[in-house]
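Peer 1: If it helps, the file is called input33.cif and holds mmCIF, C-alpha atoms and all ligand atoms:
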```
data_upload
loop_
_atom_site.label_atom_id
_atom_site.label_comp_id
_atom_site.auth_asym_id
_atom_site.auth_seq_id
_atom_site.Cartn_x
_atom_site.Cartn_y
_atom_site.Cartn_z
CA MET A 15 -11.41 5.65 3.21
CA GLN A 16 -15.07 4.83 3.82
CA LYS A 17 -14.14 2.02 6.26
CA GLY A 18 -11.60 4.12 8.15
CA VAL A 19 -8.53 2.62 6.47
CA MET A 20 -6.28 5.60 5.70
CA ARG A 21 -3.11 4.46 4.00
CA PRO A 22 -0.24 2.00 3.77
CA GLY A 23 1.73 1.98 7.03
CA HIS A 24 4.60 -0.44 6.70
CA VAL A 25 5.94 -3.51 4.96
CA GLN A 26 8.13 -6.20 6.53
CA ILE A 27 10.52 -7.71 3.98
CA ARG A 28 12.67 -10.83 4.45
CA VAL A 29 16.29 -10.62 3.37
CA LEU A 30 19.01 -13.27 3.13
CA ASP A 31 21.81 -11.09 4.44
CA MET A 32 21.10 -8.17 6.75
CA GLU A 33 24.33 -6.25 6.28
CA THR A 34 24.09 -5.91 2.50
CA ALA A 35 20.35 -5.28 2.76
CA VAL A 36 20.76 -2.40 5.21
CA ALA A 37 23.40 -0.84 2.95
CA HIS A 38 21.05 -1.18 -0.05
CA TYR A 39 17.94 0.33 1.54
CA ARG A 40 19.90 3.07 3.34
CA ASP A 41 22.63 4.08 0.89
CA ARG A 42 21.02 3.24 -2.47
CA LEU A 43 17.28 3.80 -1.98
CA GLY A 44 18.19 6.53 0.47
CA LEU A 45 15.72 5.56 3.18
CA ILE A 46 16.45 6.78 6.68
CA HIS A 47 17.71 3.90 8.82
CA THR A 48 15.99 4.57 12.13
CA HIS A 49 17.12 1.66 14.29
CA THR A 50 17.67 -2.06 14.94
CA ASP A 51 15.36 -3.87 17.37
CA SER A 52 16.11 -6.61 19.90
CA GLN A 53 15.26 -9.30 17.32
CA GLY A 54 17.80 -7.86 14.88
CA ARG A 55 15.18 -6.38 12.56
CA ASN A 56 16.10 -3.07 10.93
CA TYR A 57 13.65 -0.16 10.58
CA PHE A 58 13.57 2.50 7.87
CA LYS A 59 11.44 5.40 6.67
CA GLY A 60 11.29 7.74 3.70
CA TRP A 61 12.28 11.26 4.71
CA THR A 62 8.80 12.77 4.07
CA GLU A 63 7.02 10.23 6.25
CA ILE A 64 5.77 11.36 9.64
CA ASP A 65 5.74 7.84 11.12
CA ALA A 66 8.69 6.38 13.01
CA PHE A 67 9.15 3.71 10.30
CA SER A 68 7.59 2.22 7.17
CA VAL A 69 9.99 -0.55 6.12
CA VAL A 70 11.18 -3.38 8.37
CA LEU A 71 13.82 -5.88 7.23
CA ARG A 72 14.02 -9.32 8.82
CA GLU A 73 16.80 -11.79 8.09
CA ALA A 74 15.45 -15.19 7.01
CA ASP A 75 16.46 -18.06 4.74
CA GLU A 76 13.86 -17.20 2.12
CA PRO A 77 13.31 -13.64 0.82
CA GLY A 78 9.83 -12.20 0.20
CA MET A 79 7.22 -10.24 2.13
CA ASP A 80 6.10 -11.11 5.67
CA PHE A 81 3.19 -8.67 5.68
CA MET A 82 1.98 -5.25 4.57
CA ALA A 83 0.23 -3.04 7.13
CA LEU A 84 -2.43 -0.36 6.75
CA LYS A 85 -3.13 2.44 9.17
CA VAL A 86 -6.71 3.00 10.35
CA LEU A 87 -8.22 6.13 11.92
CA ASP A 88 -8.37 5.10 15.57
CA ALA A 89 -8.70 2.28 18.10
CA ALA A 90 -12.48 2.02 17.62
CA THR A 91 -12.03 1.55 13.87
CA LEU A 92 -9.36 -1.07 14.53
CA ALA A 93 -11.72 -3.04 16.78
CA ALA A 94 -14.61 -2.73 14.31
CA ARG A 95 -12.56 -3.85 11.30
CA LYS A 96 -11.11 -6.72 13.33
CA GLN A 97 -14.63 -8.03 13.96
CA ASP A 98 -15.53 -7.52 10.28
CA LEU A 99 -12.48 -9.55 9.23
CA ILE A 100 -13.44 -12.38 11.59
CA ASP A 101 -17.02 -12.31 10.27
CA TYR A 102 -15.72 -12.39 6.70
CA GLY A 103 -13.89 -15.62 7.55
CA CYS A 104 -10.28 -14.44 7.69
CA GLN A 105 -7.76 -16.00 9.98
CA VAL A 106 -7.21 -13.10 12.40
CA GLU A 107 -4.44 -12.70 14.95
CA THR A 108 -3.75 -9.82 17.33
CA ILE A 109 -0.13 -8.78 17.67
CA PRO A 110 0.47 -6.88 20.93
CA ALA A 111 1.63 -3.27 20.97
CA GLY A 112 5.42 -3.00 20.97
CA GLU A 113 6.09 -6.19 18.99
CA LEU A 114 7.35 -3.76 16.39
CA ASP A 115 9.12 -0.95 18.23
CA GLY A 116 6.98 2.18 18.30
CA CYS A 117 3.86 0.52 16.88
CA GLY A 118 0.58 -0.07 18.70
CA GLU A 119 -1.53 -3.22 18.57
CA ARG A 120 -1.76 -4.82 15.13
CA VAL A 121 -4.55 -6.95 13.72
CA ARG A 122 -3.04 -9.46 11.30
CA PHE A 123 -5.16 -11.33 8.75
CA ASP A 124 -4.69 -13.60 5.77
CA SER A 125 -6.18 -13.19 2.31
CA PRO A 126 -7.34 -15.44 -0.56
CA THR A 127 -4.07 -14.79 -2.44
CA GLY A 128 -2.12 -16.03 0.58
CA HIS A 129 -0.72 -12.66 1.63
CA TRP A 130 -0.74 -11.42 5.22
CA PHE A 131 -1.92 -7.92 5.94
CA GLU A 132 -2.15 -5.94 9.15
CA LEU A 133 -4.16 -3.03 10.47
CA PHE A 134 -2.96 -0.72 13.20
CA ALA A 135 -4.23 2.54 14.67
CA GLU A 136 -1.19 3.91 16.44
CA LYS A 137 2.45 4.35 15.63
CA GLU A 138 4.95 6.77 17.06
CA GLN A 139 5.21 9.87 14.87
CA THR A 140 8.72 11.23 14.69
CA GLY A 141 7.87 13.73 11.95
CA LYS A 142 9.36 14.42 8.54
CA TRP A 143 13.03 13.63 8.79
CA GLY A 144 15.33 16.63 8.90
CA VAL A 145 12.60 19.27 8.39
CA GLY A 146 9.91 18.79 11.06
CA ASP A 147 6.48 20.44 10.90
CA ARG A 148 7.15 23.98 12.14
CA ASN A 149 8.16 26.30 9.29
CA PRO A 150 9.60 23.29 7.49
CA ASP A 151 12.24 23.76 4.82
CA ALA A 152 11.72 22.16 1.41
CA TRP A 153 14.01 19.20 1.90
CA PRO A 154 16.81 18.02 4.18
CA GLU A 155 20.36 18.26 2.86
CA ASP A 156 21.79 15.00 4.15
CA LEU A 157 19.89 12.50 2.00
CA LYS A 158 21.60 9.57 0.32
CA GLY A 159 21.24 7.67 -2.94
CA MET A 160 17.86 7.86 -4.65
CA LYS A 161 16.40 9.95 -1.81
CA ALA A 162 13.20 7.88 -1.73
CA THR A 163 10.51 10.09 -0.22
CA ARG A 164 8.07 7.46 1.04
CA PHE A 165 7.01 3.82 0.95
CA ASP A 166 4.14 3.99 -1.54
CA HIS A 167 2.65 0.57 -2.40
CA CYS A 168 3.31 -3.13 -2.93
CA LEU A 169 2.52 -5.30 -5.95
CA LEU A 170 1.71 -8.86 -4.89
CA TYR A 171 1.29 -12.06 -6.90
CA GLY A 172 -1.21 -14.76 -6.04
CA ASP A 173 -3.90 -17.06 -7.38
CA ASP A 174 -7.29 -15.83 -6.17
CA ILE A 175 -6.98 -12.12 -6.88
CA ASP A 176 -10.76 -11.76 -7.18
CA GLY A 177 -11.04 -13.08 -3.62
CA THR A 178 -8.51 -10.61 -2.26
CA VAL A 179 -10.08 -7.73 -4.19
CA ASP A 180 -13.45 -8.62 -2.66
CA LEU A 181 -11.99 -8.83 0.85
CA LEU A 182 -10.12 -5.53 0.63
CA SER A 183 -13.01 -3.67 -0.98
CA SER A 184 -15.94 -5.01 0.99
CA VAL A 185 -14.32 -5.14 4.43
CA LEU A 186 -11.68 -2.41 4.26
CA GLY A 187 -13.17 0.03 1.76
CA PHE A 188 -10.58 -0.22 -0.99
CA GLN A 189 -11.60 1.02 -4.43
CA LEU A 190 -10.65 -0.77 -7.64
CA ALA A 191 -8.90 1.98 -9.59
CA GLU A 192 -7.46 0.01 -12.51
CA GLN A 193 -7.52 -3.54 -13.77
CA VAL A 194 -6.32 -5.76 -16.59
CA ARG A 195 -8.97 -8.06 -18.06
CA ASP A 196 -8.68 -11.00 -20.38
CA GLU A 197 -12.12 -10.82 -22.01
CA GLU A 198 -11.66 -14.07 -23.93
CA ALA A 199 -11.10 -16.02 -20.74
CA ASP A 200 -13.45 -13.75 -18.75
CA LEU A 201 -10.65 -13.30 -16.27
CA ARG A 202 -9.23 -10.40 -14.26
CA VAL A 203 -5.46 -10.63 -14.63
CA ALA A 204 -4.44 -7.67 -12.47
CA ALA A 205 -6.10 -5.34 -9.96
CA PHE A 206 -4.93 -1.96 -8.64
CA LEU A 207 -6.60 -0.92 -5.39
CA THR A 208 -6.64 2.35 -3.52
CA VAL A 209 -7.96 3.82 -0.27
CA SER A 210 -6.77 7.29 -1.25
CA MET A 211 -6.40 9.54 -4.28
CA LYS A 212 -3.42 7.50 -5.42
CA ALA A 213 -3.80 5.18 -8.41
CA HIS A 214 -2.81 2.31 -6.13
CA ASP A 215 -2.01 1.61 -2.51
CA VAL A 216 -1.68 -2.11 -3.22
CA ALA A 217 -1.93 -4.14 -6.44
CA PHE A 218 -2.31 -7.78 -7.41
CA VAL A 219 -1.40 -9.89 -10.42
CA ARG A 220 -2.81 -13.36 -11.03
CA HIS A 221 -0.16 -16.03 -10.57
CA GLU A 222 -0.30 -19.77 -9.94
CA GLU A 223 1.42 -19.66 -6.56
CA LYS A 224 0.04 -17.99 -3.43
CA GLY A 225 1.70 -15.33 -1.33
CA LYS A 226 4.36 -14.04 -3.72
CA PHE A 227 6.01 -10.63 -3.55
CA HIS A 228 6.61 -8.72 -6.79
CA HIS A 229 7.83 -5.38 -5.49
CA ALA A 230 7.76 -2.68 -2.86
CA SER A 231 7.60 0.78 -4.36
CA PHE A 232 8.94 4.13 -3.23
CA TYR A 233 7.91 7.55 -4.42
CA LEU A 234 10.24 10.10 -6.01
CA SER A 235 9.21 13.64 -6.87
CA SER A 236 10.12 13.80 -10.56
CA TRP A 237 11.06 11.97 -13.74
CA GLU A 238 14.46 13.63 -13.35
CA ASP A 239 14.81 11.79 -10.02
CA VAL A 240 13.87 8.50 -11.70
CA LEU A 241 16.66 9.07 -14.25
CA ARG A 242 19.04 9.91 -11.41
CA ALA A 243 18.04 6.61 -9.75
CA ALA A 244 18.93 4.87 -13.03
CA ASP A 245 22.36 6.53 -12.92
CA LEU A 246 22.88 5.27 -9.37
CA ILE A 247 21.87 1.74 -10.42
CA SER A 248 24.67 1.80 -13.01
CA MET A 249 27.20 3.49 -10.71
CA HIS A 250 26.74 0.82 -8.08
CA ASP A 251 26.12 -2.12 -10.42
CA ILE A 252 22.71 -2.83 -8.85
CA ALA A 253 20.73 -5.63 -10.54
CA LEU A 254 18.47 -3.69 -12.92
CA ASP A 255 15.14 -5.21 -13.84
CA ILE A 256 13.63 -2.73 -16.30
CA GLY A 257 13.36 0.98 -16.97
CA PRO A 258 13.49 3.90 -16.80
CA THR A 259 10.15 3.91 -18.60
CA ARG A 260 6.49 4.73 -18.14
CA HIS A 261 3.64 2.39 -17.26
CA GLY A 262 0.39 2.39 -19.23
CA LEU A 263 -1.36 1.23 -16.07
CA THR A 264 -1.45 4.22 -13.65
CA HIS A 265 0.91 6.09 -16.09
CA GLY A 266 3.67 6.34 -13.48
CA GLN A 267 7.28 6.93 -14.54
CA THR A 268 9.34 4.12 -13.16
CA ILE A 269 12.43 1.98 -12.78
CA TYR A 270 12.72 -1.50 -11.25
CA PHE A 271 15.72 -3.18 -9.68
CA PHE A 272 16.51 -5.87 -7.13
CA ASP A 273 17.79 -5.70 -3.57
CA PRO A 274 20.79 -7.95 -2.76
CA SER A 275 18.44 -10.79 -1.70
CA GLY A 276 16.48 -10.73 -4.95
CA ASN A 277 13.43 -8.77 -3.74
CA ARG A 278 12.28 -6.31 -6.39
CA ASN A 279 12.14 -2.59 -5.63
CA GLU A 280 10.55 0.19 -7.66
CA VAL A 281 11.08 3.92 -7.53
CA PHE A 282 8.59 5.98 -9.50
CA SER A 283 7.12 9.43 -9.95
CA GLY A 284 3.86 10.85 -11.24
CA GLY A 285 0.89 8.64 -11.96
CA ASP A 286 -2.85 9.06 -12.19
CA TYR A 287 -5.24 10.00 -9.39
CA THR A 288 -8.57 8.51 -8.36
CA TYR A 289 -11.68 9.91 -6.66
CA PRO A 290 -14.41 7.65 -5.28
CA ASP A 291 -16.72 8.44 -8.24
CA HIS A 292 -14.12 7.55 -10.88
CA PRO A 293 -14.95 4.60 -13.10
CA VAL A 294 -12.55 1.67 -13.13
CA VAL A 295 -9.81 2.05 -15.76
CA THR A 296 -9.48 -1.18 -17.73
CA TRP A 297 -6.61 -2.42 -19.86
CA ASP A 298 -7.19 -5.40 -22.15
CA ALA A 299 -4.87 -8.35 -21.66
CA SER A 300 -4.22 -8.21 -25.42
CA GLN A 301 -2.60 -4.79 -24.76
CA LEU A 302 -0.60 -6.04 -21.78
CA GLY A 303 2.77 -5.05 -23.26
CA LYS A 304 1.70 -1.41 -23.55
CA ALA A 305 -0.17 -1.55 -20.22
CA ILE A 306 3.00 -2.48 -18.39
CA PHE A 307 5.72 -0.78 -20.45
CA TYR A 308 4.13 2.11 -22.27
CA HIS A 309 7.17 2.88 -24.47
CA ASP A 310 8.59 -0.57 -25.29
CA ARG A 311 5.14 -2.18 -25.55
CA GLN A 312 6.87 -5.53 -25.14
CA LEU A 313 6.19 -8.05 -22.42
CA ASN A 314 9.19 -8.98 -20.39
CA GLU A 315 9.37 -12.48 -18.95
CA ARG A 316 11.52 -11.49 -16.03
CA PHE A 317 9.24 -8.66 -14.99
CA LEU A 318 6.17 -10.87 -15.24
CA GLY A 319 7.56 -14.08 -13.82
CA VAL A 320 10.32 -13.34 -11.31
CA VAL A 321 9.05 -12.96 -7.73
CA THR A 322 10.18 -13.78 -4.20
CA MET B 23 39.46 -12.54 -17.74
CA ALA B 24 42.79 -14.26 -18.05
CA GLU B 25 42.58 -15.53 -14.48
CA GLY B 26 39.16 -17.07 -14.93
CA HIS B 27 38.16 -20.69 -14.47
CA ARG B 28 36.75 -22.57 -17.41
CA ILE B 29 33.05 -23.30 -17.03
CA THR B 30 31.63 -25.94 -19.36
CA LEU B 31 27.95 -26.54 -19.94
CA ALA B 32 27.08 -30.21 -20.31
CA PRO B 33 26.11 -31.87 -22.53
CA GLU B 34 26.62 -29.22 -25.25
CA GLY B 35 30.20 -28.48 -24.21
CA LEU B 36 29.79 -24.70 -24.59
CA ALA B 37 32.35 -22.97 -22.40
CA PHE B 38 33.03 -19.57 -20.86
CA SER B 39 35.41 -18.07 -18.35
CA CYS B 40 34.52 -16.92 -14.83
CA GLY B 41 36.76 -15.33 -12.18
CA GLU B 42 36.64 -16.28 -8.48
CA GLU B 43 35.04 -12.99 -7.44
CA GLU B 44 32.39 -13.22 -10.09
CA ASN B 45 29.26 -15.34 -10.02
CA LEU B 46 28.42 -17.68 -12.89
CA LEU B 47 25.37 -15.72 -13.97
CA GLN B 48 27.37 -12.46 -14.12
CA ALA B 49 30.03 -14.16 -16.21
CA LEU B 50 27.39 -15.54 -18.54
CA GLN B 51 25.91 -12.09 -19.03
CA ARG B 52 29.30 -10.50 -19.52
CA VAL B 53 30.49 -13.03 -22.05
CA GLY B 54 27.27 -13.11 -23.99
CA VAL B 55 28.97 -15.36 -26.55
CA ALA B 56 26.57 -18.21 -26.16
CA PRO B 57 22.94 -17.23 -26.61
CA ALA B 58 22.08 -20.90 -26.08
CA LEU B 59 23.52 -20.69 -22.56
CA LEU B 60 21.70 -17.49 -21.81
CA ALA B 61 18.46 -19.00 -23.02
CA ALA B 62 19.03 -22.10 -20.92
CA ILE B 63 19.78 -20.20 -17.70
CA PRO B 64 17.40 -17.28 -17.30
CA VAL B 65 18.56 -14.13 -15.56
CA GLY B 66 16.18 -13.18 -12.77
CA CYS B 67 16.85 -11.31 -9.55
CA ARG B 68 20.63 -12.01 -9.38
CA GLY B 69 20.28 -12.22 -5.60
CA GLY B 70 19.57 -15.88 -4.88
CA GLY B 71 15.92 -15.10 -4.26
CA CYS B 72 13.78 -16.03 -7.26
CA GLY B 73 15.17 -19.44 -8.21
CA VAL B 74 15.06 -19.09 -12.01
CA CYS B 75 18.81 -19.63 -12.47
CA ARG B 76 18.94 -23.12 -10.90
CA ILE B 77 21.79 -25.24 -12.22
CA HIS B 78 23.54 -28.45 -11.27
CA VAL B 79 27.31 -28.53 -10.84
CA ARG B 80 28.60 -31.91 -12.02
CA ALA B 81 32.25 -31.39 -11.22
CA GLY B 82 34.54 -28.79 -9.65
CA GLU B 83 35.00 -26.64 -6.57
CA TYR B 84 33.01 -23.50 -5.78
CA ARG B 85 31.73 -21.24 -3.01
CA THR B 86 28.11 -20.14 -2.74
CA GLY B 87 26.43 -17.04 -1.33
CA ARG B 88 23.21 -17.44 0.64
CA MET B 89 20.36 -18.86 -1.49
CA SER B 90 16.62 -18.94 -0.83
CA ARG B 91 15.73 -22.20 0.96
CA LYS B 92 12.50 -22.21 -0.97
CA HIS B 93 14.45 -22.94 -4.14
CA ILE B 94 17.53 -24.76 -2.85
CA SER B 95 17.06 -27.23 0.01
CA GLU B 96 19.96 -28.50 2.10
CA ALA B 97 19.79 -31.75 0.11
CA ASP B 98 19.94 -29.80 -3.19
CA GLU B 99 22.95 -27.92 -1.95
CA THR B 100 24.77 -31.11 -0.96
CA ALA B 101 23.92 -32.63 -4.34
CA GLY B 102 25.39 -29.63 -6.18
CA THR B 103 22.09 -28.07 -7.21
CA VAL B 104 22.56 -24.34 -6.79
CA LEU B 105 21.60 -20.90 -8.09
CA ALA B 106 24.02 -19.67 -10.77
CA CYS B 107 23.83 -16.10 -9.45
CA ARG B 108 25.25 -17.26 -6.09
CA VAL B 109 28.04 -19.56 -7.34
CA PHE B 110 31.67 -18.42 -7.29
CA PRO B 111 34.03 -20.92 -8.96
CA GLU B 112 37.24 -22.05 -7.25
CA SER B 113 38.25 -24.42 -10.03
CA ASP B 114 37.10 -25.28 -13.53
CA LEU B 115 33.47 -26.38 -13.40
CA GLU B 116 31.20 -28.59 -15.39
CA ILE B 117 27.59 -27.48 -15.05
CA GLU B 118 24.19 -28.41 -16.48
CA VAL B 119 20.80 -26.77 -16.42
CA ASP B 120 18.98 -28.32 -13.49
CA PRO B 121 16.98 -31.13 -15.04
CA SER B 122 14.24 -30.86 -12.41
CA ALA B 123 13.93 -27.11 -12.83
CA ALA B 124 10.37 -25.97 -12.58
CA ASN B 125 11.16 -22.53 -13.84
CA PRO B 126 8.92 -19.98 -12.06
CA ILE B 127 9.04 -17.77 -15.13
CA THR B 128 7.15 -20.26 -17.25
CA ARG B 129 4.69 -20.97 -14.44
CA SER B 130 3.04 -17.58 -14.80
CA PRO B 131 -0.37 -18.11 -16.45
CA THR B 132 -0.15 -14.61 -17.91
CA ILE B 133 3.06 -15.49 -19.71
CA ALA B 134 1.87 -18.92 -20.74
CA LYS B 135 -1.16 -17.28 -22.29
CA GLN B 136 0.91 -14.65 -24.13
CA GLN B 137 3.26 -17.32 -25.41
CA ARG B 138 0.38 -19.34 -26.76
CA GLY B 139 -0.71 -16.12 -28.45
S1 LIG C 401 18.53 -14.96 -10.73
FE1 LIG C 401 17.12 -15.11 -9.05
S2 LIG C 401 17.98 -16.73 -7.94
FE2 LIG C 401 19.48 -16.42 -9.48
FE FE C 402 4.56 -0.45 -8.57
#
```
Now, as a test, write the supplied structure out as structure tokens.
Ligand code: FES
Ligand SMILES: [Fe+2]

Peer 2:
Amino acid sequence: MQKGVMRPGHVQIRVLDMETAVAHYRDRLGLIHTHTDSQGRNYFKGWTEIDAFSVVLREADEPGMDFMALKVLDAATLAARKQDLIDYGCQVETIPAGELDGCGERVRFDSPTGHWFELFAEKEQTGKWGVGDRNPDAWPEDLKGMKATRFDHCLLYGDDIDGTVDLLSSVLGFQLAEQVRDEEADLRVAAFLTVSMKAHDVAFVRHEEKGKFHHASFYLSSWEDVLRAADLISMHDIALDIGPTRHGLTHGQTIYFFDPSGNRNEVFSGGDYTYPDHPVVTWDASQLGKAIFYHDRQLNERFLGVVT
Amino acid sequence: MAEGHRITLAPEGLAFSCGEEENLLQALQRVGVAPALLAAIPVGCRGGGCGVCRIHVRAGEYRTGRMSRKHISEADETAGTVLACRVFPESDLEIEVDPSAANPITRSPTIAKQQRG
């Protein structure tokens, strides 16, 4: 957090059909549907999140990710990082407060992999859903589906991942926690970046095309909950991608599936932690099967190649 | 599915049955009788988003769900080029793997590298 960037704040995802998408994120993932704005976008949050929202769905004719936003400490930090981004050479745009309901001014910028990110300093805090912050109970009783606790990270696909890693680390203070390297080709194939103790707040995989979205991930509290999510995927005939299994990278316990517009979701539990003095964990590209699916140790074309 | 329409893959002539409430990709997965078909039409997101299941319908009537414009343009749609996971047959169909398909799966350099070994 050395540059005042605290954590992921929200992700705006494009969906082909709003009605089925709302049902998926609310009833299957179990996010709290907070409201619909005047543009028809729908807002959600995980029940443990203090912010008013962390996921925004926008109907469009092509699915994928519009942008991922990070919260900074305060308005002064926002202004300072905005100038740093301009100096770095990013295309920078200021989105006025209120463009997303409940969110303050946002500084939007592009990246070498073609993804759009945002910084913001203020968002309405409605508190943990159903428990509050005064003598809070352990969990609220009225949760649905997988009971996703929070929006955790995104995995994004693009060409110049070294460029984006440099931007996010040098300007925003991200730390490279884990990576996959192809030593033969002297190439970084994947990068896992964090501004916190988490193994990743955002991750990148090298891919020919810019600006692709691999998945948005939501945190569950246990492996038992991941297995329960797998049960729900079968009960409701949700398009399963892969899992339940464990990753070698970050060692999280995970399952992947698709929303009704073909965007990939992950729910996971566990995973490694990182402090600023930790060395980078490296997986060799020759061990990629095990790095991604620790039990199967087999690469899966769909997991690697299918993106929106 | 007794009620299903007969879906034929040109030019091989392999056939399977698909009901009106079922999409072609689902039917393919369910039948599983023709590994050649499954290999020819990859199963991706099943939501019309990723574009890997692009096919061309040569003959027959069908409905489609919403498909990503990135993968299926209006012209494609008019010409019968569609995503198998969003196609619901309303008659027997004759389909082929989209000849122009630039399958995103095989475009991943990571996969290309692994496949080369
Ligand atoms: S499987 Fe992704 S578009 Fe059909
Ligand atoms: Fe993930």

Peer 1: Pull out every residue of chain A that has at least one atom within 8 Å of chain B, counting all atoms listed in the file, and report them as a list of chain:residue names.

Peer 2: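 Therefore, the residues near the partner are A:Leu30, A:Asp31, A:Asp75, A:Glu76, A:Pro77, A:Val203, A:Arg220, A:His221, A:Glu222, A:Ala253, A:Asp255, A:Phe272, A:Asp273, A:Pro274, A:Ser275, A:Gly276, A:Asn277, A:Arg278, A:Glu315, A:Arg316, A:Leu318, A:Gly319, A:Val320, A:Val321, A:Thr322.
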
Peer 1: Around all the atoms of ligand LIG 401 (chain C) listed in the file, draw an axis-aligned box and extend it by 3 Å on each of the six sides; I want its centre and edge lengths in Å to one decimal, as JSON.

Peer 2:
```
{"center_x": 18.3, "center_y": -15.8, "center_z": -9.3, "size_x": 8.4, "size_y": 7.8, "size_z": 8.8}
```

Peer 1: Residues within 8 Å of ligand FE 402 (chain C) should be enumerated using all atoms listed in the file and returned as a list in words.

Peer 2: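 For ligand FE 402 (chain C), the residues inside 8 Å are His167, Cys168, Leu169, Ala217, His229, Ala230, Ser231, Glu280, Val281 and Phe282 of chain A.
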
Peer 1: Limited to C-alpha atoms, could you put the picked residues into a file as an mmCIF file, in the frame of the given file?

Peer 2:
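Resulting contents of again.cif:
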```cif
data_model
loop_
_atom_site.group_PDB
_atom_site.id
_atom_site.type_symbol
_atom_site.label_atom_id
_atom_site.label_comp_id
_atom_site.auth_asym_id
_atom_site.auth_seq_id
_atom_site.Cartn_x
_atom_site.Cartn_y
_atom_site.Cartn_z
ATOM 1 C CA HIS A 167 2.650 0.570 -2.400
ATOM 2 C CA CYS A 168 3.310 -3.130 -2.930
ATOM 3 C CA LEU A 169 2.520 -5.300 -5.950
ATOM 4 C CA ALA A 217 -1.930 -4.140 -6.440
ATOM 5 C CA HIS A 229 7.830 -5.380 -5.490
ATOM 6 C CA ALA A 230 7.760 -2.680 -2.860
ATOM 7 C CA SER A 231 7.600 0.780 -4.360
ATOM 8 C CA GLU A 280 10.550 0.190 -7.660
ATOM 9 C CA VAL A 281 11.080 3.920 -7.530
ATOM 10 C CA PHE A 282 8.590 5.980 -9.500
#
```

Peer 1: List every protein, DNA or RNA residue that has an atom no more than 8 Å from (35.9, -16.1, -6.0) in the file's coordinate frame, counting all atoms listed in the file, and report them as a list in words.

Peer 2: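 Within the cut-off we find Gly41, Glu42, Glu43, Glu44, Asn45, Tyr84, Arg85, Phe110, Pro111 and Glu112 of chain B.
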
Peer 1: Enumerate, as a list in words, the protein, DNA and RNA residues whose atoms approach (33.6, -28.6, -14.0) to within 12 Å, taking into account all atoms listed in the file and the coordinate frame of the file.

Peer 2: His27, Arg28, Ile29, Thr30, Leu31, Ala32, Pro33, Gly35, Leu36, Ala37, Phe38, Ser39, Cys40, His78, Val79, Arg80, Ala81, Gly82, Glu83, Tyr84, Gly102, Pro111, Glu112, Ser113, Asp114, Leu115, Glu116, Ile117 and Glu118 of chain B

Peer 1: Residues as selected, C-alpha atoms, written as a compact mmCIF listing (two decimals), in the frame of the given file, can you do that?

Peer 2:
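Output (selection30.txt):
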```txt
# COMPACT_ATOMS: atom_id res chain seq x y z
CA HIS B 27 38.16 -20.69 -14.47
CA ARG B 28 36.75 -22.57 -17.41
CA ILE B 29 33.05 -23.30 -17.03
CA THR B 30 31.63 -25.94 -19.36
CA LEU B 31 27.95 -26.54 -19.94
CA ALA B 32 27.08 -30.21 -20.31
CA PRO B 33 26.11 -31.87 -22.53
CA GLY B 35 30.20 -28.48 -24.21
CA LEU B 36 29.79 -24.70 -24.59
CA ALA B 37 32.35 -22.97 -22.40
CA PHE B 38 33.03 -19.57 -20.86
CA SER B 39 35.41 -18.07 -18.35
CA CYS B 40 34.52 -16.92 -14.83
CA HIS B 78 23.54 -28.45 -11.27
CA VAL B 79 27.31 -28.53 -10.84
CA ARG B 80 28.60 -31.91 -12.02
CA ALA B 81 32.25 -31.39 -11.22
CA GLY B 82 34.54 -28.79 -9.65
CA GLU B 83 35.00 -26.64 -6.57
CA TYR B 84 33.01 -23.50 -5.78
CA GLY B 102 25.39 -29.63 -6.18
CA PRO B 111 34.03 -20.92 -8.96
CA GLU B 112 37.24 -22.05 -7.25
CA SER B 113 38.25 -24.42 -10.03
CA ASP B 114 37.10 -25.28 -13.53
CA LEU B 115 33.47 -26.38 -13.40
CA GLU B 116 31.20 -28.59 -15.39
CA ILE B 117 27.59 -27.48 -15.05
CA GLU B 118 24.19 -28.41 -16.48
```

Peer 1: So that I can see what lies close to Trp153 (chain A), please list as a CSV table (one decimal) with C-alpha atoms, keeping the file's coordinate frame the residues with an atom at most 12 Å from it, counting only C-alpha atoms and leaving out residues fewer than 6 positions away in the same chain.

Peer 2:
```csv
chain,number,residue,atom,x,y,z
A,60,GLY,CA,11.3,7.7,3.7
A,61,TRP,CA,12.3,11.3,4.7
A,62,THR,CA,8.8,12.8,4.1
A,142,LYS,CA,9.4,14.4,8.5
A,143,TRP,CA,13.0,13.6,8.8
A,144,GLY,CA,15.3,16.6,8.9
A,145,VAL,CA,12.6,19.3,8.4
A,146,GLY,CA,9.9,18.8,11.1
A,147,ASP,CA,6.5,20.4,10.9
A,161,LYS,CA,16.4,10.0,-1.8
A,162,ALA,CA,13.2,7.9,-1.7
A,163,THR,CA,10.5,10.1,-0.2
A,235,SER,CA,9.2,13.6,-6.9
```

Peer 1: Extract, using all atoms listed in the file, all DNA, RNA and protein residues at most 8 Å from Arg76 (chain B), discarding same-chain residues fewer than 5 positions from it, and format them as a list of chain:residue names.

Peer 2: B:Ile63, B:Thr103, B:Val104, B:Leu105, B:Ala106, B:Val119, B:Asp120, B:Ala123

Peer 1: For CA of Gln139 (chain A) and CA of Gln26 (chain A), quote the distance in Å rounded to one decimal.

Peer 2: 18.3 Å

Peer 1: Could you check how far CA of Ala74 (chain A) sits from CA of Arg28 (chain A), in Å to one decimal?

Peer 2: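 Atom-to-atom, CA of Ala74 (chain A) and CA of Arg28 (chain A) are spaced 5.8 Å apart.
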